[in-house]
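Here is the structure we will look at, set down as structure tokens.
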Amino acid sequence: MALVSEDIARHPALRRHVQAQSRTLLQTYEANPRLASVFATQQRWLMAHIGLALYFNREPDDHRKGLTSARFMDDICRHSVASRNTADAFLKEMLHYGFIRHLPIKYGRIRPFEPTAGTLETVAGWVMAHLRTLDSLDSGFRLAAFVAQPDMLAKLQPLVADGLLSSHAVREPRQTFSLFTWLDNGGIVMDWLMSGVDPDHADLGRIPTGVVSIGDFANWLKLSRTHLSRKLGDAEELGSVGWLGQRGHSVTWVSSEFYQEYMTAQAVKLAIIDAAFDNCVVTSQAS
């Protein structure tokens, strides 16, 4: 049985395992910042999942029913993720940086796309990081099963995409979390902040993060220091972040409410991935 978000959120070891997950995702970012950044802003994250789902759900003998510009933009608009212009620009960016490529076939003017091997490897790593967390919560064997079945990603990812797109909690995050989901690399910003939190201190009103220099932080993220400072300032006005000493030159803290927002969001995402995994296992057993 898949774990539900409420049970995940209440798990006594969730904080420590999510911290390990955040650190794994940060390592992925360091290995390939440009590709990892695709998954670090909510709009781009959802667009990437839509594109991958179209590819994995393609017809084997007719790639017009896979990932094409028209189908991608239609799905983006149908799910109200972005405008057609934004979707078109995203697809062109993915092609420019080699995250997708044209298939060596054409149907008139239609030129289908496919993700490159490096992209699929990064997506598989993202899935594995979350399956490892789920296994840690109930001593499961999801990760081993995923690794043992190379074709599972193609079955799992479209189900994850459906779950994310249909989740109100994902599409309409809470106030402070929402501030960062629309910031370039905002997901990475939150992972960085939370990865430095000592889980034993997570019940404090103001929880130290380990982040000191905004400048170093911005440089590591390839972000404008001014833009990052502005977002942190917005969060500061909400009482969600602050500094133990001089602003920008001392340890940053996050409020217990912001920390809980982050953990709740992780629980929702983990539950969606676990439900998708459970569906894959049940379907595989039935066949």
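Going by the structure tokens order, chains are called A, B, ..., each with residues numbered from 1, while ligands are numbered from 1 in the order shown.
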
Shell of 9 Å around Leu153 of chain A, only C-alpha atoms, local chain residues under 3 positions omitted, as a list of chain:residue names: A:Phe56, A:Leu120, A:Val123, A:Ala124, A:Val127, A:Phe146, A:Gln149, A:Pro150, A:Leu156, A:Gln157, A:Pro158

field: Polymer residues at most 12 Å from Arg132 of chain A, only C-alpha atoms, same-chain spacing of 4 or more positions, as a list in words
entry: His17, Val18, Ala20, Gln21, Ser22, Thr24, Gly125, Trp126, Val127, Met128, Ser136, Leu137, Asp138, Ser139, Gly140, Phe141, Arg142, Leu143, Ala144, Ala145, Phe146, Val147, Leu270, Ile273 and Asp274 of chain A

Just write the chosen residues, N, CA and C atoms, as a compact mmCIF listing (two decimals), in the first residue's frame.
# COMPACT_ATOMS: atom_id res chain seq x y z
N HIS A 17 15.24 12.30 6.98
CA HIS A 17 15.32 11.68 5.66
C HIS A 17 15.12 12.71 4.55
N VAL A 18 14.27 13.69 4.78
CA VAL A 18 14.10 14.75 3.78
C VAL A 18 15.35 15.61 3.70
N ALA A 20 18.39 14.49 4.03
CA ALA A 20 19.28 13.70 3.18
C ALA A 20 18.86 13.80 1.72
N GLN A 21 17.56 13.79 1.47
CA GLN A 21 17.05 13.93 0.11
C GLN A 21 17.43 15.28 -0.48
N SER A 22 17.28 16.34 0.31
CA SER A 22 17.64 17.68 -0.15
C SER A 22 19.12 17.75 -0.52
N THR A 24 20.99 15.31 -1.54
CA THR A 24 21.16 14.55 -2.79
C THR A 24 20.78 15.40 -3.98
N GLY A 125 17.50 9.89 -11.63
CA GLY A 125 18.13 10.21 -10.34
C GLY A 125 17.18 10.94 -9.41
N TRP A 126 16.36 11.83 -9.97
CA TRP A 126 15.35 12.56 -9.18
C TRP A 126 14.35 11.57 -8.57
N VAL A 127 13.89 10.63 -9.40
CA VAL A 127 12.95 9.61 -8.91
C VAL A 127 13.61 8.77 -7.83
N MET A 128 14.83 8.35 -8.07
CA MET A 128 15.53 7.48 -7.11
C MET A 128 15.73 8.15 -5.76
N SER A 136 13.13 4.69 3.29
CA SER A 136 13.64 4.98 4.63
C SER A 136 12.52 5.11 5.65
N LEU A 137 11.33 5.47 5.17
CA LEU A 137 10.20 5.68 6.08
C LEU A 137 9.52 4.38 6.49
N ASP A 138 9.57 3.37 5.62
CA ASP A 138 8.86 2.13 5.96
C ASP A 138 9.67 0.87 5.68
N SER A 139 10.99 1.03 5.53
CA SER A 139 11.89 -0.10 5.25
C SER A 139 11.47 -0.86 4.00
N GLY A 140 11.04 -0.11 2.98
CA GLY A 140 10.59 -0.72 1.74
C GLY A 140 11.72 -1.03 0.78
N PHE A 141 11.35 -1.52 -0.40
CA PHE A 141 12.34 -1.93 -1.41
C PHE A 141 12.01 -1.30 -2.77
N ARG A 142 11.45 -0.09 -2.74
CA ARG A 142 11.06 0.57 -3.98
C ARG A 142 12.27 0.85 -4.87
N LEU A 143 13.32 1.37 -4.28
CA LEU A 143 14.50 1.74 -5.06
C LEU A 143 15.09 0.53 -5.75
N ALA A 144 15.22 -0.58 -5.03
CA ALA A 144 15.77 -1.80 -5.63
C ALA A 144 14.89 -2.28 -6.78
N ALA A 145 13.57 -2.19 -6.61
CA ALA A 145 12.65 -2.61 -7.66
C ALA A 145 12.78 -1.71 -8.89
N PHE A 146 12.94 -0.41 -8.65
CA PHE A 146 13.08 0.55 -9.76
C PHE A 146 14.37 0.28 -10.53
N VAL A 147 15.46 0.08 -9.82
CA VAL A 147 16.75 -0.17 -10.47
C VAL A 147 16.72 -1.49 -11.24
N LEU A 270 6.03 13.21 -2.09
CA LEU A 270 6.40 11.82 -1.85
C LEU A 270 5.19 10.90 -1.97
N ILE A 273 4.42 10.36 -5.66
CA ILE A 273 5.39 9.43 -6.27
C ILE A 273 5.12 8.01 -5.80
N ASP A 274 4.78 7.84 -4.51
CA ASP A 274 4.53 6.50 -3.99
C ASP A 274 3.26 5.90 -4.60

Could you pull the residues within 12 Å of Arg58 of chain A, counting only C-alpha atoms, minus those fewer than 6 positions along the same chain, as a compact mmCIF listing (two decimals) with all heavy atoms, in the first residue's frame?
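Final output, around35.txt:
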# COMPACT_ATOMS: atom_id res chain seq x y z
N GLY A 51 6.16 17.42 -20.75
CA GLY A 51 6.92 16.99 -21.92
C GLY A 51 7.38 15.53 -21.82
O GLY A 51 7.26 14.76 -22.78
N LEU A 52 7.89 15.17 -20.65
CA LEU A 52 8.32 13.79 -20.45
C LEU A 52 7.16 12.80 -20.57
O LEU A 52 7.29 11.73 -21.16
CB LEU A 52 8.99 13.65 -19.08
CG LEU A 52 10.38 14.28 -18.95
CD1 LEU A 52 10.76 14.43 -17.47
CD2 LEU A 52 11.43 13.45 -19.68
N ARG A 64 3.97 11.10 -33.99
CA ARG A 64 3.12 12.29 -33.97
C ARG A 64 2.29 12.32 -32.69
O ARG A 64 1.81 13.38 -32.27
CB ARG A 64 2.20 12.32 -35.18
CG ARG A 64 2.91 12.66 -36.48
CD ARG A 64 2.00 12.50 -37.68
NE ARG A 64 1.58 11.11 -37.86
CZ ARG A 64 0.87 10.68 -38.89
NH1 ARG A 64 0.47 11.54 -39.83
NH2 ARG A 64 0.54 9.41 -39.00
N LYS A 65 2.11 11.18 -32.06
CA LYS A 65 1.35 11.08 -30.82
C LYS A 65 2.27 11.04 -29.60
O LYS A 65 1.89 10.53 -28.55
CB LYS A 65 0.44 9.86 -30.86
CG LYS A 65 -0.62 9.96 -31.97
CD LYS A 65 -1.53 8.75 -32.00
CE LYS A 65 -2.56 8.88 -33.12
NZ LYS A 65 -3.45 7.68 -33.20
N GLY A 66 3.47 11.55 -29.77
CA GLY A 66 4.43 11.65 -28.67
C GLY A 66 4.69 13.10 -28.34
O GLY A 66 3.76 13.91 -28.24
N LEU A 67 5.96 13.46 -28.17
CA LEU A 67 6.34 14.82 -27.83
C LEU A 67 6.57 15.63 -29.10
O LEU A 67 7.58 15.49 -29.77
CB LEU A 67 7.60 14.81 -26.96
CG LEU A 67 8.19 16.17 -26.57
CD1 LEU A 67 7.16 17.05 -25.88
CD2 LEU A 67 9.43 15.99 -25.69
N THR A 68 5.60 16.47 -29.42
CA THR A 68 5.71 17.41 -30.54
C THR A 68 5.40 18.81 -30.01
O THR A 68 4.78 18.96 -28.95
CB THR A 68 4.73 17.07 -31.67
OG1 THR A 68 3.39 17.27 -31.21
CG2 THR A 68 4.90 15.61 -32.13
N ARG A 71 1.49 19.33 -29.54
CA ARG A 71 0.91 18.59 -28.43
C ARG A 71 1.41 19.13 -27.09
O ARG A 71 0.67 19.20 -26.11
CB ARG A 71 1.24 17.09 -28.54
CG ARG A 71 0.66 16.44 -29.80
CD ARG A 71 0.75 14.94 -29.74
NE ARG A 71 -0.29 14.39 -28.88
CZ ARG A 71 -0.11 13.39 -28.03
NH1 ARG A 71 1.09 12.86 -27.88
NH2 ARG A 71 -1.10 12.93 -27.31
N PRO A 112 9.02 15.38 -34.30
CA PRO A 112 8.93 14.98 -32.89
C PRO A 112 10.27 15.11 -32.17
O PRO A 112 11.34 15.10 -32.79
CB PRO A 112 8.50 13.51 -32.98
CG PRO A 112 7.99 13.33 -34.37
CD PRO A 112 8.76 14.27 -35.21
N PHE A 113 10.16 15.23 -30.84
CA PHE A 113 11.34 15.33 -29.98
C PHE A 113 11.47 14.09 -29.11
O PHE A 113 10.51 13.35 -28.89
CB PHE A 113 11.22 16.54 -29.05
CG PHE A 113 11.07 17.86 -29.73
CD1 PHE A 113 9.81 18.40 -29.95
CD2 PHE A 113 12.18 18.58 -30.15
CE1 PHE A 113 9.66 19.64 -30.57
CE2 PHE A 113 12.05 19.81 -30.76
CZ PHE A 113 10.78 20.35 -30.98
N GLU A 114 12.68 13.92 -28.57
CA GLU A 114 12.91 12.93 -27.53
C GLU A 114 13.93 13.50 -26.55
O GLU A 114 14.80 14.29 -26.92
CB GLU A 114 13.44 11.60 -28.10
CG GLU A 114 14.81 11.72 -28.73
CD GLU A 114 15.33 10.37 -29.22
OE1 GLU A 114 14.67 9.35 -29.00
OE2 GLU A 114 16.43 10.35 -29.83
N ALA A 154 9.53 4.82 -17.66
CA ALA A 154 8.57 5.17 -18.70
C ALA A 154 7.13 4.99 -18.22
O ALA A 154 6.21 5.68 -18.69
CB ALA A 154 8.81 4.31 -19.94
N LYS A 155 6.91 4.06 -17.30
CA LYS A 155 5.57 3.83 -16.76
C LYS A 155 5.27 4.75 -15.58
O LYS A 155 4.14 5.20 -15.39
CB LYS A 155 5.43 2.36 -16.33
CG LYS A 155 5.67 1.35 -17.44
CD LYS A 155 5.73 -0.06 -16.88
CE LYS A 155 6.08 -1.07 -17.97
NZ LYS A 155 6.25 -2.44 -17.42
N PRO A 158 4.80 9.32 -16.21
CA PRO A 158 3.51 9.91 -16.57
C PRO A 158 2.50 9.90 -15.42
O PRO A 158 1.68 10.83 -15.30
CB PRO A 158 3.03 9.03 -17.73
CG PRO A 158 4.29 8.48 -18.33
CD PRO A 158 5.19 8.24 -17.15

query: Mind checking DSSP for segment 26-235 of chain A and telling me the strand (DSSP E or B) residues as an MDAnalysis selection string?
result: chainID A and resid 59 62 67 100:102 107 110 113:115 206:208

Written selection (N, CA and C atoms) as a PDB file, in the first residue's frame:
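again_35.pdb written:
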ATOM      1  N   GLU A  59       2.985   6.751 -29.104  1.00  0.00           N
ATOM      2  CA  GLU A  59       2.670   5.531 -29.851  1.00  0.00           C
ATOM      3  C   GLU A  59       3.969   4.998 -30.457  1.00  0.00           C
ATOM      4  N   ASP A  62       4.045   5.665 -34.199  1.00  0.00           N
ATOM      5  CA  ASP A  62       3.575   6.959 -34.697  1.00  0.00           C
ATOM      6  C   ASP A  62       3.981   8.054 -33.702  1.00  0.00           C
ATOM      7  N   LEU A  67       5.956  13.456 -28.173  1.00  0.00           N
ATOM      8  CA  LEU A  67       6.339  14.821 -27.825  1.00  0.00           C
ATOM      9  C   LEU A  67       6.569  15.634 -29.095  1.00  0.00           C
ATOM     10  N   ILE A 100      16.765  17.977 -25.057  1.00  0.00           N
ATOM     11  CA  ILE A 100      15.940  17.190 -25.970  1.00  0.00           C
ATOM     12  C   ILE A 100      16.563  17.301 -27.358  1.00  0.00           C
ATOM     13  N   ARG A 101      16.139  16.440 -28.260  1.00  0.00           N
ATOM     14  CA  ARG A 101      16.625  16.521 -29.635  1.00  0.00           C
ATOM     15  C   ARG A 101      15.513  16.063 -30.571  1.00  0.00           C
ATOM     16  N   HIS A 102      15.633  16.453 -31.830  1.00  0.00           N
ATOM     17  CA  HIS A 102      14.669  15.997 -32.826  1.00  0.00           C
ATOM     18  C   HIS A 102      14.921  14.525 -33.153  1.00  0.00           C
ATOM     19  N   TYR A 107       7.042  14.132 -40.117  1.00  0.00           N
ATOM     20  CA  TYR A 107       5.699  13.900 -40.640  1.00  0.00           C
ATOM     21  C   TYR A 107       5.237  15.224 -41.232  1.00  0.00           C
ATOM     22  N   ILE A 110       5.863  18.290 -39.064  1.00  0.00           N
ATOM     23  CA  ILE A 110       5.962  17.852 -37.670  1.00  0.00           C
ATOM     24  C   ILE A 110       7.289  17.127 -37.442  1.00  0.00           C
ATOM     25  N   PHE A 113      10.162  15.229 -30.842  1.00  0.00           N
ATOM     26  CA  PHE A 113      11.339  15.332 -29.984  1.00  0.00           C
ATOM     27  C   PHE A 113      11.473  14.092 -29.110  1.00  0.00           C
ATOM     28  N   GLU A 114      12.682  13.919 -28.571  1.00  0.00           N
ATOM     29  CA  GLU A 114      12.913  12.927 -27.532  1.00  0.00           C
ATOM     30  C   GLU A 114      13.926  13.496 -26.549  1.00  0.00           C
ATOM     31  N   PRO A 115      13.827  13.137 -25.263  1.00  0.00           N
ATOM     32  CA  PRO A 115      14.847  13.574 -24.297  1.00  0.00           C
ATOM     33  C   PRO A 115      16.158  12.866 -24.570  1.00  0.00           C
ATOM     34  N   ARG A 206      12.578  29.951  15.603  1.00  0.00           N
ATOM     35  CA  ARG A 206      13.495  30.407  14.573  1.00  0.00           C
ATOM     36  C   ARG A 206      14.594  29.363  14.439  1.00  0.00           C
ATOM     37  N   ILE A 207      14.636  28.691  13.313  1.00  0.00           N
ATOM     38  CA  ILE A 207      15.498  27.529  13.144  1.00  0.00           C
ATOM     39  C   ILE A 207      16.734  27.909  12.332  1.00  0.00           C
ATOM     40  N   PRO A 208      17.940  27.826  12.901  1.00  0.00           N
ATOM     41  CA  PRO A 208      19.164  28.162  12.144  1.00  0.00           C
ATOM     42  C   PRO A 208      19.335  27.238  10.939  1.00  0.00           C
TER      43      PRO A 208
END

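With only C-alpha atoms as the basis for measurement, A:Asn185 is the residue among A:Glu6, A:Val170, A:Asn185, A:Ala70 that approaches Arg44 of chain A most closely.
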
- request: Can you work out the spacing between atom CA of Ser80 of chain A and atom CA of Leu46 of chain A in Å, to one decimal?
  value: 10.4 Å

task: Identify, with DSSP run on backbone atoms, the residues in segment 131-258 of chain A assigned to alpha helix (DSSP H), and express the list as a VMD selection string.
output: chain A and resid 131 to 138 142 to 148 152 to 165 168 to 171 175 to 181 186 to 195 214 to 221 225 to 237 256 to 258

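Residues lying within 10 Å of Trp253 of chain A, counting only C-alpha atoms and ignoring same-chain neighbours fewer than 6 positions away, are Leu193, Met194, Gly196, Val197, Gly205, Arg206, Ile207, Pro208, Thr209, Gly210, Val211, Val212, Glu236, Ser240, Val241, Gly242, Trp243, Leu244 and Tyr259 of chain A.
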
- prompt: Counting only C-alpha atoms, what is within 10 Å of His79 of chain A, bar same-chain residues fewer than 3 positions away, as a PyMOL selection string?
  reply: chain A and resi 46-47+50+74-76+82+165-166

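When only C-alpha atoms are used to compute distances to Glu237 of chain A, the closest of the residues A:Ser37, A:Leu183, A:Thr176, A:Gln260 turns out to be A:Thr176.
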
- line: Separating atom CA of Ala117 of chain A from atom CA of Leu91 of chain A, to the nearest tenth of an Å, is a gap of 16.9 Å

message: Taking only C-alpha atoms into account, name the residue in A:Asp61, A:Asp200, A:Asp151, A:Asp162 that is nearest to Ile105 of chain A.
response: A:Asp61

Spatial neighbours of segment 223-233 of chain A, max dist 12 Å, only C-alpha atoms, sep filter under 4 positions, as a ChimeraX atom specification: /A:33-34,37,176-186,188-190,193,213-219,237-243,247-248,252-254
